[in-house]
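Here is the structure we will look at.
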Amino acid sequence: MVKFITSRLRRFRRDDEGTIVVEAMLFFPLLLSSLLMSFVFFDAFRNQAINLKANYTVADAISRETRYITNNFMTNTWNLHRFLTNSEHLTQLRVSIISYDSSNGQHRIVWSRARGGGEDLDDKPVTRIGLQASDIPVMPNNEILIVVQTEVVYEPYFNVGLDAFTFKNTSYTRPRFAPDNICYSHSGSEGGRICPLDS
């Protein structure tokens with residue numbers, strides 16, 4: 001038995017027919033790179049879908065509100081967004097109520113609150129939140145829209161030529177149950193409330 005094994009090992013050592021192994025070794029790096037690239041791009045598209053759905057979820061929740069949007073509500077909404085995206089980085093969330101005046105053709109911010117970075121705004125042009133009139137859906141006179149803007153940083157797991165970048169999503173939603181008013185009040189009281197229509 002030992003003699004048989006020894007002869008086999010000696011024959012293996014003298015064997016110079018390795019073309020298949022050489023071809024496999026030449027092809028393996030290309031195959032591995034293709035697999036890693038496929039994984040990274042799939043993961044990027046998956047994250048974009050998750051981030052967009054998280055944006056829509058926040059917009060839909062706010063569109064159903066009939067009470068004041070408060071400071072605590074905004075913070076909890078931001079925490080919900082962070083939970084839904086499951087990002088390792090700090091996400092950014094901005095919720096704005098915009099109105100349209102057909103007499104001058106102007107869109108204005110009624111109120112806008114940001115979490116994760118950015119300033120709070122009241123009664124400002126929509127350009128202050130990075131919007132142009134061409135970006136906004138057609139609105140009738142005195143119509144209001146909820147604008148939800150989110151930013152989430154994405155970092156690929158592997159370096160395949162795709163650097164880290166930020167997913168930026170913007171959604172426009174009409175209020176469902178309070179079509180004329182979605183008011184902001186820091187503490188939830190009537191004092192200091194900010195409403196599209198003073199009612």
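Each chain in the structure tokens gets a letter, A, B and so on, in the order shown; residues start at 1 in every chain, and ligands are counted from 1 in the order they appear.
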
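Those residues that approach Asn141 in chain A to within 7 Å, counting only C-alpha atoms, are Tyr100, Asp101 and Ser102 of chain A; same-chain residues fewer than 3 positions away are not listed.
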
Report task. Write down as a PyMOL selection string the residues of range 23-119 of chain A whose backbone DSSP state falls under helix (DSSP H, G or I). Result -> chain A and resi 23-63+71-85

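Between CA of Gly117 in chain A and CA of Leu93 in chain A the interatomic distance comes to 7.9 Å.
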
Requested in this report: Check the DSSP output for the backbone and give back, as a PyMOL selection string, the residues of chain A in strand (DSSP E or B).
Outcome: chain A and resi 69+92-101+106-115+121-125+144-154+165-173+184+194

Query raised in the report: CA of Asp135 in chain A and CA of Arg94 in chain A are how many Å apart?
Result: 16.3 Å

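The smallest atom-to-atom distance between Tyr56 in chain A and any of A:Leu84, A:Cys195, A:Pro156, A:Gly161, using only C-alpha atoms, is found for A:Leu84.
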
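Nearest to Leu162 in chain A of all the residues A:Leu26, A:Arg14, A:Val40, A:Lys124 is A:Val40, based on only C-alpha atoms.
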
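The nearest approach to Leu52 in chain A among the residues A:His186, A:His81, A:Arg193, A:Arg174, with only C-alpha atoms taken into account, belongs to A:His81.
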
Requested in this report: Considering only C-alpha atoms, state which residue in the set A:Arg46, A:Arg115, A:Arg13, A:Lys53 is at the smallest distance from Ser171 in chain A.
Outcome: A:Lys53

Using only C-alpha atoms, determine which residues lie at most 12 Å from Asn72 in chain A, disregarding the query and same-chain residues fewer than 6 positions distant; provide the list as a PDB file with all heavy atoms, in the first residue's frame.
```
ATOM      1  N   TRP A  78     -38.343  61.175  12.560  1.00  0.00           N
ATOM      2  CA  TRP A  78     -36.952  60.993  12.135  1.00  0.00           C
ATOM      3  C   TRP A  78     -36.400  59.664  12.651  1.00  0.00           C
ATOM      4  O   TRP A  78     -35.718  58.938  11.919  1.00  0.00           O
ATOM      5  CB  TRP A  78     -36.106  62.156  12.636  1.00  0.00           C
ATOM      6  CG  TRP A  78     -34.651  62.086  12.279  1.00  0.00           C
ATOM      7  CD1 TRP A  78     -34.115  61.775  11.057  1.00  0.00           C
ATOM      8  CD2 TRP A  78     -33.553  62.346  13.141  1.00  0.00           C
ATOM      9  NE1 TRP A  78     -32.741  61.832  11.109  1.00  0.00           N
ATOM     10  CE2 TRP A  78     -32.373  62.178  12.385  1.00  0.00           C
ATOM     11  CE3 TRP A  78     -33.448  62.714  14.472  1.00  0.00           C
ATOM     12  CZ2 TRP A  78     -31.106  62.363  12.921  1.00  0.00           C
ATOM     13  CZ3 TRP A  78     -32.186  62.901  15.008  1.00  0.00           C
ATOM     14  CH2 TRP A  78     -31.022  62.728  14.230  1.00  0.00           C
ATOM     15  N   ASN A  79     -36.707  59.325  13.905  1.00  0.00           N
ATOM     16  CA  ASN A  79     -36.275  58.031  14.453  1.00  0.00           C
ATOM     17  C   ASN A  79     -36.892  56.869  13.672  1.00  0.00           C
ATOM     18  O   ASN A  79     -36.242  55.840  13.453  1.00  0.00           O
ATOM     19  CB  ASN A  79     -36.649  57.932  15.928  1.00  0.00           C
ATOM     20  CG  ASN A  79     -35.795  58.834  16.802  1.00  0.00           C
ATOM     21  OD1 ASN A  79     -34.655  59.141  16.464  1.00  0.00           O
ATOM     22  ND2 ASN A  79     -36.357  59.288  17.919  1.00  0.00           N
ATOM     23  N   ARG A 113     -39.480  71.759   8.746  1.00  0.00           N
ATOM     24  CA  ARG A 113     -38.691  71.320   9.890  1.00  0.00           C
ATOM     25  C   ARG A 113     -37.731  70.220   9.448  1.00  0.00           C
ATOM     26  O   ARG A 113     -38.113  69.316   8.691  1.00  0.00           O
ATOM     27  CB  ARG A 113     -39.595  70.813  11.021  1.00  0.00           C
ATOM     28  CG  ARG A 113     -40.494  71.893  11.623  1.00  0.00           C
ATOM     29  CD  ARG A 113     -39.650  72.959  12.319  1.00  0.00           C
ATOM     30  NE  ARG A 113     -40.427  74.052  12.865  1.00  0.00           N
ATOM     31  CZ  ARG A 113     -40.682  75.193  12.223  1.00  0.00           C
ATOM     32  NH1 ARG A 113     -40.256  75.360  10.980  1.00  0.00           N
ATOM     33  NH2 ARG A 113     -41.352  76.168  12.816  1.00  0.00           N
ATOM     34  N   ARG A 115     -34.457  67.424  10.514  1.00  0.00           N
ATOM     35  CA  ARG A 115     -33.769  66.618  11.520  1.00  0.00           C
ATOM     36  C   ARG A 115     -32.558  65.964  10.860  1.00  0.00           C
ATOM     37  O   ARG A 115     -32.605  65.562   9.701  1.00  0.00           O
ATOM     38  CB  ARG A 115     -34.687  65.523  12.082  1.00  0.00           C
ATOM     39  CG  ARG A 115     -35.869  66.056  12.898  1.00  0.00           C
ATOM     40  CD  ARG A 115     -35.384  66.700  14.186  1.00  0.00           C
ATOM     41  NE  ARG A 115     -36.473  67.155  15.040  1.00  0.00           N
ATOM     42  CZ  ARG A 115     -37.075  68.334  14.936  1.00  0.00           C
ATOM     43  NH1 ARG A 115     -36.703  69.187  13.988  1.00  0.00           N
ATOM     44  NH2 ARG A 115     -38.034  68.677  15.773  1.00  0.00           N
ATOM     45  N   TYR A 184     -48.162  73.303  12.261  1.00  0.00           N
ATOM     46  CA  TYR A 184     -47.038  72.987  13.136  1.00  0.00           C
ATOM     47  C   TYR A 184     -47.163  73.807  14.406  1.00  0.00           C
ATOM     48  O   TYR A 184     -47.477  74.998  14.383  1.00  0.00           O
ATOM     49  CB  TYR A 184     -45.707  73.299  12.462  1.00  0.00           C
ATOM     50  CG  TYR A 184     -44.526  73.088  13.379  1.00  0.00           C
ATOM     51  CD1 TYR A 184     -43.982  71.822  13.547  1.00  0.00           C
ATOM     52  CD2 TYR A 184     -43.981  74.149  14.095  1.00  0.00           C
ATOM     53  CE1 TYR A 184     -42.919  71.607  14.413  1.00  0.00           C
ATOM     54  CE2 TYR A 184     -42.908  73.938  14.955  1.00  0.00           C
ATOM     55  CZ  TYR A 184     -42.383  72.673  15.108  1.00  0.00           C
ATOM     56  OH  TYR A 184     -41.338  72.465  15.959  1.00  0.00           O
ATOM     57  N   SER A 185     -46.945  73.154  15.518  1.00  0.00           N
ATOM     58  CA  SER A 185     -46.871  73.840  16.809  1.00  0.00           C
ATOM     59  C   SER A 185     -45.787  73.154  17.615  1.00  0.00           C
ATOM     60  O   SER A 185     -45.820  71.936  17.788  1.00  0.00           O
ATOM     61  CB  SER A 185     -48.207  73.783  17.556  1.00  0.00           C
ATOM     62  OG  SER A 185     -48.073  74.305  18.865  1.00  0.00           O
ATOM     63  N   HIS A 186     -44.833  73.922  18.097  1.00  0.00           N
ATOM     64  CA  HIS A 186     -43.669  73.341  18.781  1.00  0.00           C
ATOM     65  C   HIS A 186     -44.088  72.415  19.919  1.00  0.00           C
ATOM     66  O   HIS A 186     -43.568  71.310  20.066  1.00  0.00           O
ATOM     67  CB  HIS A 186     -42.761  74.451  19.306  1.00  0.00           C
ATOM     68  CG  HIS A 186     -41.545  73.943  20.002  1.00  0.00           C
ATOM     69  ND1 HIS A 186     -40.425  73.512  19.311  1.00  0.00           N
ATOM     70  CD2 HIS A 186     -41.266  73.761  21.322  1.00  0.00           C
ATOM     71  CE1 HIS A 186     -39.513  73.101  20.172  1.00  0.00           C
ATOM     72  NE2 HIS A 186     -39.990  73.248  21.401  1.00  0.00           N
ATOM     73  N   SER A 187     -45.065  72.857  20.710  1.00  0.00           N
ATOM     74  CA  SER A 187     -45.465  72.083  21.878  1.00  0.00           C
ATOM     75  C   SER A 187     -46.839  71.450  21.751  1.00  0.00           C
ATOM     76  O   SER A 187     -47.283  70.736  22.644  1.00  0.00           O
ATOM     77  CB  SER A 187     -45.439  72.982  23.125  1.00  0.00           C
ATOM     78  OG  SER A 187     -46.342  74.063  22.966  1.00  0.00           O
ATOM     79  N   GLY A 188     -47.549  71.736  20.666  1.00  0.00           N
ATOM     80  CA  GLY A 188     -48.884  71.179  20.489  1.00  0.00           C
ATOM     81  C   GLY A 188     -49.994  72.104  20.944  1.00  0.00           C
ATOM     82  O   GLY A 188     -51.166  71.725  20.894  1.00  0.00           O
TER      83      GLY A 188
END
```

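Rounded to one decimal, CA of Leu36 in chain A and CA of Asn159 in chain A lie 8.8 Å from each other.
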
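Closest approach to Asn169 in chain A from the set A:Leu31, A:Leu80, A:Cys183, A:Val58 is made by A:Val58, with distances taken over only C-alpha atoms.
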
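With only C-alpha atoms as the atoms that count, the minimum distance from Glu190 in chain A to the choices A:Ala54, A:Val2, A:Met25, A:Ile69 is reached by A:Ile69.
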
**Report entry** Ser63 in chain A environment, 12 Å, only C-alpha atoms, sequence neighbours closer than 3 positions dropped, as JSON, numbers by chain
**Finding:** {"A": [56, 57, 58, 59, 60, 66, 67, 68, 69, 95, 96, 97, 144, 145, 146, 147, 148, 171, 172, 173, 174, 175, 176, 177, 178, 179, 180, 181, 182, 183]}
